[in-house]
$ cat target02.txt   # compact mmCIF, C-alpha atoms
# COMPACT_ATOMS: atom_id res chain seq x y z
CA MET L 13 0.00 0.00 0.00
CA THR L 14 1.09 3.60 -0.34
CA THR L 15 0.34 6.69 1.72
CA SER L 16 1.70 10.22 1.66
CA GLN L 17 2.77 10.26 5.29
CA ALA L 18 6.36 9.05 4.88
CA PRO L 19 8.76 11.44 6.64
CA THR L 20 11.98 12.59 5.03
CA PRO L 21 14.40 9.63 5.19
CA PRO L 22 17.35 9.83 7.58
CA ALA L 23 20.85 10.53 6.34
CA SER L 24 22.26 8.06 3.82
CA SER L 25 25.74 7.87 5.37
CA ALA L 26 27.43 7.78 8.75
CA PRO L 27 27.37 11.17 10.57
CA SER L 28 30.26 13.46 9.69
CA GLY L 29 33.13 13.14 12.15
CA ILE L 30 32.32 9.56 13.18
CA ASP L 31 34.45 6.70 11.85
CA ALA L 32 31.81 4.08 11.18
CA GLY L 33 30.60 1.71 8.52
CA PHE L 34 27.14 2.36 7.13
CA TRP L 35 24.93 0.01 5.11
CA ARG L 36 21.39 0.69 3.89
CA ARG L 37 18.39 -1.00 2.29
CA THR L 38 15.42 1.11 1.19
CA ALA L 39 11.87 -0.12 1.62
CA PRO L 40 9.98 -1.46 -1.42
CA ALA L 41 8.13 1.38 -3.13
CA SER L 42 4.76 -0.11 -2.19
CA LEU L 43 5.64 -0.04 1.52
CA ARG L 44 7.32 3.37 1.91
CA GLY L 45 4.25 4.72 3.62
CA LEU L 46 5.04 2.22 6.40
CA PHE L 47 8.83 2.22 6.67
CA MET L 48 11.58 4.13 4.86
CA ASP L 49 14.70 2.06 5.20
CA ILE L 50 16.85 -0.34 7.23
CA VAL L 51 20.34 0.77 8.22
CA GLY L 52 23.41 -1.05 9.53
CA TYR L 53 25.86 1.01 11.59
CA GLU L 54 29.20 -0.09 13.08
CA GLU L 55 31.75 2.17 14.75
CA ARG L 56 35.37 1.31 13.98
CA HIS L 57 37.58 2.92 16.66
CA PRO L 58 37.22 3.36 20.44
CA ARG L 59 36.52 7.03 21.11
CA THR L 60 33.66 9.15 22.38
CA ASN L 61 31.13 9.91 19.65
CA ARG L 62 28.29 12.36 20.14
CA GLN L 63 25.25 13.04 17.99
CA VAL L 64 22.03 15.03 18.29
CA GLU L 65 18.92 13.85 16.47
CA THR L 66 16.32 16.57 15.95
CA ALA L 67 12.61 15.96 16.51
CA SER L 68 11.01 14.19 13.55
CA LEU L 69 8.12 11.92 12.60
CA THR L 70 10.32 8.84 12.29
CA ILE L 71 9.92 6.01 14.81
CA PRO L 72 13.14 3.94 14.90
CA LEU L 73 13.68 0.41 16.15
CA ILE L 74 17.32 -0.01 17.15
CA LEU L 75 18.69 -3.54 17.54
CA SER L 76 22.12 -3.48 19.17
CA PHE L 77 24.93 -5.98 18.53
CA GLY L 78 27.68 -4.01 20.25
CA ASP L 79 28.08 -1.71 23.23
CA PRO L 80 24.88 0.24 23.93
CA PHE L 81 24.29 3.88 23.13
CA GLU L 82 23.74 6.34 25.97
CA ILE L 83 20.69 8.27 24.81
CA ALA L 84 18.36 10.79 26.43
CA LEU L 85 15.55 13.09 25.30
CA GLY L 86 16.12 16.79 25.87
CA HIS L 87 19.30 16.47 27.96
CA ARG L 88 22.81 15.07 27.80
CA PRO L 89 22.95 11.35 28.59
CA THR L 90 24.92 9.56 31.29
CA ALA L 91 25.81 5.92 31.85
CA GLU L 92 22.41 5.52 33.50
CA ASN L 93 20.83 6.25 30.11
CA ALA L 94 22.57 3.34 28.35
CA LEU L 95 20.12 1.43 26.16
CA PRO L 96 20.78 -1.75 24.19
CA SER L 97 17.91 -2.60 21.83
CA PHE L 98 14.88 -0.29 21.96
CA VAL L 99 12.12 1.48 20.04
CA ALA L 100 11.84 5.27 20.31
CA GLY L 101 8.53 7.09 20.03
CA LEU L 102 7.81 10.58 18.75
CA SER L 103 8.86 13.52 20.87
CA ARG L 104 9.23 17.28 20.57
CA SER L 105 12.64 17.00 22.26
CA PRO L 106 15.94 16.31 20.50
CA ALA L 107 17.70 13.03 21.28
CA TYR L 108 21.24 13.37 22.65
CA ILE L 109 23.30 10.28 21.81
CA GLN L 110 26.72 9.21 23.05
CA SER L 111 28.68 6.07 22.20
CA ASN L 112 32.15 4.73 22.97
CA GLY L 113 33.28 3.82 19.45
CA ARG L 114 32.13 0.21 19.83
CA ALA L 115 28.46 0.69 18.98
CA LYS L 116 27.01 -1.63 16.37
CA CYS L 117 23.32 -1.72 15.50
CA LEU L 118 20.63 -2.30 12.93
CA GLN L 119 17.97 0.42 12.71
CA ILE L 120 14.54 0.15 11.08
CA ASN L 121 12.90 3.53 10.42
CA PHE L 122 9.09 3.43 10.56
CA THR L 123 6.36 5.96 9.86
CA PRO L 124 3.74 6.27 12.64
CA LEU L 125 1.31 4.14 10.61
CA GLY L 126 4.02 1.58 9.93
CA ALA L 127 5.12 1.36 13.56
CA ARG L 128 1.51 0.92 14.67
CA HIS L 129 1.05 -1.85 12.11
CA PHE L 130 4.38 -3.56 12.88
CA PHE L 131 4.21 -3.48 16.68
CA ARG L 132 0.39 -3.72 16.88
CA PHE L 133 -0.15 -1.21 19.65
CA PRO L 134 -1.11 2.51 19.72
CA MET L 135 1.66 5.05 19.32
CA ASP L 136 0.85 7.10 22.39
CA LEU L 137 2.43 4.28 24.40
CA LEU L 138 5.75 5.42 22.93
CA THR L 139 5.35 9.20 23.18
CA ASP L 140 8.45 10.76 24.77
CA ARG L 141 9.73 7.28 25.60
CA MET L 142 12.29 4.70 24.56
CA LEU L 143 11.03 1.22 25.36
CA PRO L 144 13.43 -1.73 25.71
CA PHE L 145 12.89 -4.19 22.88
CA ALA L 146 12.65 -7.03 25.40
CA ASP L 147 9.48 -5.42 26.83
CA ILE L 148 7.62 -5.49 23.52
CA ALA L 149 9.11 -8.48 21.68
CA GLU L 150 6.65 -11.25 20.94
CA ALA L 151 7.95 -14.69 19.93
CA ASP L 152 8.13 -13.85 16.21
CA LEU L 153 10.17 -10.69 16.83
CA SER L 154 12.47 -12.42 19.31
CA GLU L 155 13.25 -15.15 16.77
CA PHE L 156 13.91 -12.48 14.14
CA VAL L 157 16.53 -10.83 16.37
CA ARG L 158 18.08 -14.19 17.37
CA ARG L 159 18.70 -14.99 13.71
CA LEU L 160 20.24 -11.56 13.13
CA GLU L 161 22.61 -12.13 16.04
CA ASP L 162 23.83 -15.38 14.45
CA MET L 163 24.75 -13.64 11.20
CA THR L 164 28.29 -12.38 10.62
CA SER L 165 27.90 -10.01 7.65
CA TRP L 166 25.92 -6.81 7.28
CA GLU L 167 24.72 -7.84 3.85
CA ALA L 168 23.11 -10.96 5.33
CA ARG L 169 21.60 -9.03 8.25
CA LEU L 170 20.08 -6.39 5.99
CA ASP L 171 18.72 -8.94 3.54
CA HIS L 172 17.12 -10.92 6.36
CA ALA L 173 15.73 -7.80 8.04
CA LEU L 174 14.25 -6.45 4.82
CA ALA L 175 12.59 -9.79 4.04
CA PHE L 176 11.19 -10.10 7.57
CA VAL L 177 9.81 -6.55 7.79
CA THR L 178 8.34 -6.76 4.29
CA ARG L 179 6.65 -10.08 5.06
CA ARG L 180 5.26 -8.86 8.38
CA MET L 181 3.92 -5.68 6.82
CA ARG L 182 2.19 -7.62 4.05
CA GLN L 183 0.57 -10.26 6.28
CA GLU L 184 -2.50 -8.06 6.45
CA ALA L 185 -3.46 -4.60 5.29
CA ALA L 186 -2.55 -1.69 7.54
CA GLN L 187 -5.64 -0.20 9.16
CA LEU L 188 -5.85 3.46 8.17
CA THR L 189 -7.64 5.75 10.60
CA PRO L 190 -8.93 9.32 10.28
CA ALA L 191 -5.77 10.40 12.13
CA ASP L 192 -3.68 8.96 9.29
CA HIS L 193 -5.71 11.04 6.82
CA VAL L 194 -5.04 14.17 8.87
CA LEU L 195 -1.31 13.42 9.06
CA ALA L 196 -1.18 12.86 5.30
CA ARG L 197 -2.86 16.23 4.73
CA LEU L 198 -0.39 17.92 7.08
CA MET L 199 2.50 16.31 5.20
CA GLN L 200 1.07 17.42 1.86
CA THR L 201 0.83 21.04 3.04
CA GLY L 202 4.18 21.23 4.85
CA GLY L 203 2.36 21.49 8.18
CA ARG L 204 0.35 24.54 7.11
CA ALA L 205 -3.14 23.02 6.91
CA SER L 206 -5.55 24.30 9.56
CA VAL L 207 -6.25 21.71 12.24
CA ARG L 208 -9.75 23.14 12.59
CA THR L 209 -10.35 22.60 8.85
CA LEU L 210 -8.95 19.07 8.99
CA ALA L 211 -11.19 18.22 11.94
CA MET L 212 -14.18 19.42 9.93
CA GLU L 213 -13.08 17.26 6.97
CA ILE L 214 -13.39 14.10 9.05
CA GLY L 215 -16.40 15.23 11.08
CA TRP L 216 -14.66 15.43 14.45
CA SER L 217 -14.28 18.19 17.02
CA ARG L 218 -10.77 19.56 17.47
CA LYS L 219 -10.62 18.05 20.97
CA HIS L 220 -11.63 14.60 19.72
CA LEU L 221 -9.12 14.85 16.86
CA ALA L 222 -6.32 15.82 19.26
CA GLU L 223 -7.03 12.81 21.48
CA LYS L 224 -7.35 10.26 18.68
CA PHE L 225 -4.43 11.70 16.72
CA ARG L 226 -2.11 11.41 19.73
CA LYS L 227 -3.21 7.80 20.26
CA ASP L 228 -2.62 6.76 16.64
CA ILE L 229 0.35 8.98 15.73
CA GLY L 230 2.07 9.82 19.01
CA LEU L 231 1.82 13.63 19.01
CA ARG L 232 -1.08 16.06 18.90
CA PRO L 233 -1.85 17.43 15.43
CA LYS L 234 -0.58 20.96 16.06
CA MET L 235 2.72 19.61 17.38
CA ALA L 236 3.01 17.24 14.40
CA ALA L 237 2.40 20.20 12.08
CA ARG L 238 5.22 22.12 13.77
CA VAL L 239 7.61 19.17 13.45
CA ILE L 240 6.71 18.81 9.76
CA ARG L 241 7.32 22.52 9.14
CA PHE L 242 10.64 22.32 10.99
CA GLY L 243 11.61 19.32 8.87
CA GLN L 244 11.03 21.41 5.74
CA VAL L 245 13.48 24.00 7.07
CA LEU L 246 16.14 21.36 7.77
CA LYS L 247 15.73 19.82 4.33
CA GLN L 248 16.19 23.16 2.58
CA ALA L 249 19.04 24.26 4.86
CA GLN L 250 20.96 21.02 4.28
CA ASN L 251 20.90 21.70 0.55
CA SER L 252 21.97 25.36 0.77
CA HIS L 253 25.42 26.94 1.05
CA ASP L 254 24.46 30.48 1.99
CA ILE L 255 21.32 30.42 4.13
CA ASP L 256 19.02 33.40 4.48
CA TRP L 257 17.33 32.26 7.71
CA ALA L 258 14.77 35.07 7.68
CA GLY L 259 13.75 34.28 4.12
CA LEU L 260 13.74 30.54 4.76
CA ALA L 261 11.49 31.06 7.80
CA ILE L 262 8.91 32.89 5.71
CA ASP L 263 9.14 30.37 2.86
CA CYS L 264 8.38 27.50 5.26
CA GLY L 265 5.40 29.17 6.91
CA TYR L 266 6.91 30.83 9.98
CA ALA L 267 5.75 34.26 11.07
CA ASP L 268 9.33 35.52 11.26
CA GLN L 269 12.89 34.44 12.04
CA ALA L 270 12.33 34.69 15.81
CA HIS L 271 9.55 32.12 15.46
CA LEU L 272 11.96 29.78 13.65
CA ILE L 273 14.66 30.28 16.29
CA ARG L 274 12.22 29.20 19.02
CA ASP L 275 11.43 25.99 17.14
CA PHE L 276 15.13 25.33 16.59
CA ALA L 277 15.73 25.61 20.32
CA GLU L 278 12.86 23.25 21.12
CA PHE L 279 13.38 20.65 18.39
CA SER L 280 17.18 20.63 17.97
CA GLY L 281 18.49 22.04 21.24
CA SER L 282 20.46 24.75 19.45
CA SER L 283 20.24 27.91 17.37
CA PRO L 284 20.04 27.70 13.56
CA GLU L 285 23.69 28.68 13.15
CA ALA L 286 24.86 26.25 15.86
CA TRP L 287 22.90 23.47 14.16
CA ARG L 288 24.50 24.39 10.82
CA THR L 289 27.98 24.36 12.36
CA ARG L 290 27.32 20.95 13.88
CA LEU L 291 26.14 19.67 10.50
CA LEU L 292 29.27 20.89 8.73
CA ASN L 293 31.84 20.00 11.38
CA GLY L 294 30.58 16.60 12.46
CA SER L 295 29.98 15.18 15.90
CA ALA L 296 32.97 16.57 17.80
CA GLY L 297 31.08 19.63 18.98
CA ALA L 298 27.65 18.05 19.28
CA TRP L 299 27.41 19.49 22.81

$ encode --input "target02.txt" --output "structure tokens"
Amino acid sequence: MTTSQAPTPPASSAPSGIDAGFWRRTAPASLRGLFMDIVGYEERHPRTNRQVETASLTIPLILSFGDPFEIALGHRPTAENALPSFVAGLSRSPAYIQSNGRAKCLQINFTPLGARHFFRFPMDLLTDRMLPFADIAEADLSEFVRRLEDMTSWEARLDHALAFVTRRMRQEAAQLTPADHVLARLMQTGGRASVRTLAMEIGWSRKHLAEKFRKDIGLRPKMAARVIRFGQVLKQAQNSHDIDWAGLAIDCGYADQAHLIRDFAEFSGSSPEAWRTRLLNGSAGAW
């Protein structure tokens, strides 16, 4: 099946400044409304690596085969935040990630609809949380991970993972809800569609839409719209050499540059220029 709610895919290579191998399989075209890709990541040298992931509409499942990441939402992580395999829900906060140069993992990047279909539970259970994989793994998923652990090459792991996820997604049709329609409309409009208008389209009150949308997607519709709009800014900024932040803010639907700066602080933990510097210079100065 296809939908228009697929977020912008993650980066197609290891983060700048981190010495790591990176392997990737994209989802079949017919399933990209459910998941975008599957990534293998393996750090090569012992050293402290730091990354910051901005707020997005991607729900990742991380399966660890090496030392765990230390990861926290909205603040710098410590050893107490070490997580092996886990699934991360949607959040308005950036994720701060630290590893010791021995991290090795496979990551499956889902859309909200795809995660709901794959895990078979509502997405509000994941909001602002990272759940250990062991807490949600049914027998079929546990066997899937056991087989991955027995494999010695990334090519074999990625082939097996792609086949498993594709098969699981196609076992039955994903159940679209009115919330999925609203998210698709927000994606189509770059987050600019009126939530009031969208509620009227599906015959719900704004309050009822907010409750059901959070259950099915993981955020409330206005917050999702803000994250979508912010994602448009990042996409354009990544492809530009000389950035006119004030002009970019207006182009993406912000009232002014100050409005954009507030969203940068909330969703990335930094100013636009600090984010740009981090993008260009790699992970060394992540925080």

$ closest_residue --input "target02.txt" --among "L:Gly243, L:Gly113, L:Pro284, L:Pro106" --to "Phe81 in chain L" --atoms "all atoms listed in the file"
L:Gly113

$ closest_atom_pairs --input "target02.txt" --of "range 63-106 of chain L" --to "range 131-146 of chain L" --cutoff "10 Å" --atoms "all atoms listed in the file" --output "JSON lines"
{"residue": "L:Ile71", "atom": "CA", "partner": "L:Leu138", "partner_atom": "CA", "distance": 9.1}
{"residue": "L:Pro72", "atom": "CA", "partner": "L:Met142", "partner_atom": "CA", "distance": 9.7}
{"residue": "L:Leu73", "atom": "CA", "partner": "L:Phe145", "partner_atom": "CA", "distance": 8.2}
{"residue": "L:Ile74", "atom": "CA", "partner": "L:Phe145", "partner_atom": "CA", "distance": 8.4}
{"residue": "L:Leu75", "atom": "CA", "partner": "L:Phe145", "partner_atom": "CA", "distance": 7.9}
{"residue": "L:Ser76", "atom": "CA", "partner": "L:Phe145", "partner_atom": "CA", "distance": 10.0}
{"residue": "L:Ile83", "atom": "CA", "partner": "L:Met142", "partner_atom": "CA", "distance": 9.1}
{"residue": "L:Ala84", "atom": "CA", "partner": "L:Met142", "partner_atom": "CA", "distance": 8.8}
{"residue": "L:Leu85", "atom": "CA", "partner": "L:Asp140", "partner_atom": "CA", "distance": 7.5}
{"residue": "L:Gly86", "atom": "CA", "partner": "L:Asp140", "partner_atom": "CA", "distance": 9.8}
{"residue": "L:Leu95", "atom": "CA", "partner": "L:Pro144", "partner_atom": "CA", "distance": 7.4}
{"residue": "L:Pro96", "atom": "CA", "partner": "L:Pro144", "partner_atom": "CA", "distance": 7.5}
{"residue": "L:Ser97", "atom": "CA", "partner": "L:Phe145", "partner_atom": "CA", "distance": 5.4}
{"residue": "L:Phe98", "atom": "CA", "partner": "L:Pro144", "partner_atom": "CA", "distance": 4.3}
{"residue": "L:Val99", "atom": "CA", "partner": "L:Leu143", "partner_atom": "CA", "distance": 5.4}
{"residue": "L:Ala100", "atom": "CA", "partner": "L:Met142", "partner_atom": "CA", "distance": 4.3}
{"residue": "L:Gly101", "atom": "CA", "partner": "L:Leu138", "partner_atom": "CA", "distance": 4.4}
{"residue": "L:Leu102", "atom": "CA", "partner": "L:Thr139", "partner_atom": "CA", "distance": 5.3}
{"residue": "L:Ser103", "atom": "CA", "partner": "L:Asp140", "partner_atom": "CA", "distance": 4.8}
{"residue": "L:Arg104", "atom": "CA", "partner": "L:Asp140", "partner_atom": "CA", "distance": 7.8}
{"residue": "L:Ser105", "atom": "CA", "partner": "L:Asp140", "partner_atom": "CA", "distance": 7.9}

$ residues_around --input "target02.txt" --residues "Ala261 in chain L" --least-positions-apart "5" --cutoff "10 Å" --atoms "all atoms listed in the file" --output "list in words"
Arg241, Phe242, Gln244, Val245, Asp256, Tyr266, Ala267, Asp268, Gln269, Ala270, His271, Leu272 and Ile273 of chain L

$ atom_distance --input "target02.txt" --atom1 "CA of Ile50 in chain L" --atom2 "CA of Arg226 in chain L"
25.6 Å

$ closest_residue --input "target02.txt" --among "L:Glu213, L:Glu55, L:Glu278, L:Asp147" --to "Ala107 in chain L" --atoms "all atoms listed in the file"
L:Glu278

$ atom_distance --input "target02.txt" --atom1 "CA of Asn293 in chain L" --atom2 "CA of His253 in chain L"
14.0 Å

$ closest_residue --input "target02.txt" --among "L:Met235, L:Met181, L:Leu291, L:Ala168" --to "Val207 in chain L" --atoms "all atoms listed in the file"
L:Met235

$ closest_residue --input "target02.txt" --among "L:Arg114, L:Arg37, L:Arg288, L:Lys247" --to "Asp171 in chain L" --atoms "only C-alpha atoms"
L:Arg37

$ residues_near_point --input "target02.txt" --point "(29.4, 10.3, 21.0)" --cutoff "7 Å" --atoms "only C-alpha atoms" --output "PyMOL selection string"
chain L and resi 60-63+109-112

$ atom_distance --input "target02.txt" --atom1 "CA of Ile262 in chain L" --atom2 "CA of Pro124 in chain L"
28.0 Å

$ closest_residue --input "target02.txt" --among "L:Glu167, L:Cys264, L:Asp162, L:Gly126" --to "Arg44 in chain L" --atoms "all atoms listed in the file"
L:Gly126

$ residues_around --input "target02.txt" --residues "Arg179 in chain L" --least-positions-apart "3" --cutoff "12 Å" --atoms "all atoms listed in the file" --output "NGL selection string"
:L and (39-40 or 43 or 130 or 152 or 156 or 172-176 or 182-185)

$ residues_around --input "target02.txt" --residues "Arg204 in chain L" --least-positions-apart "6" --cutoff "10 Å" --atoms "only C-alpha atoms" --output "list in words"
Arg197, Leu198, Lys234, Ala237, Arg238, Ile240, Arg241, Cys264, Gly265 and Tyr266 of chain L

$ closest_residue --input "target02.txt" --among "L:Thr90, L:Thr201, L:Thr123, L:Gln187" --to "Gly230 in chain L" --atoms "all atoms listed in the file"
L:Thr123
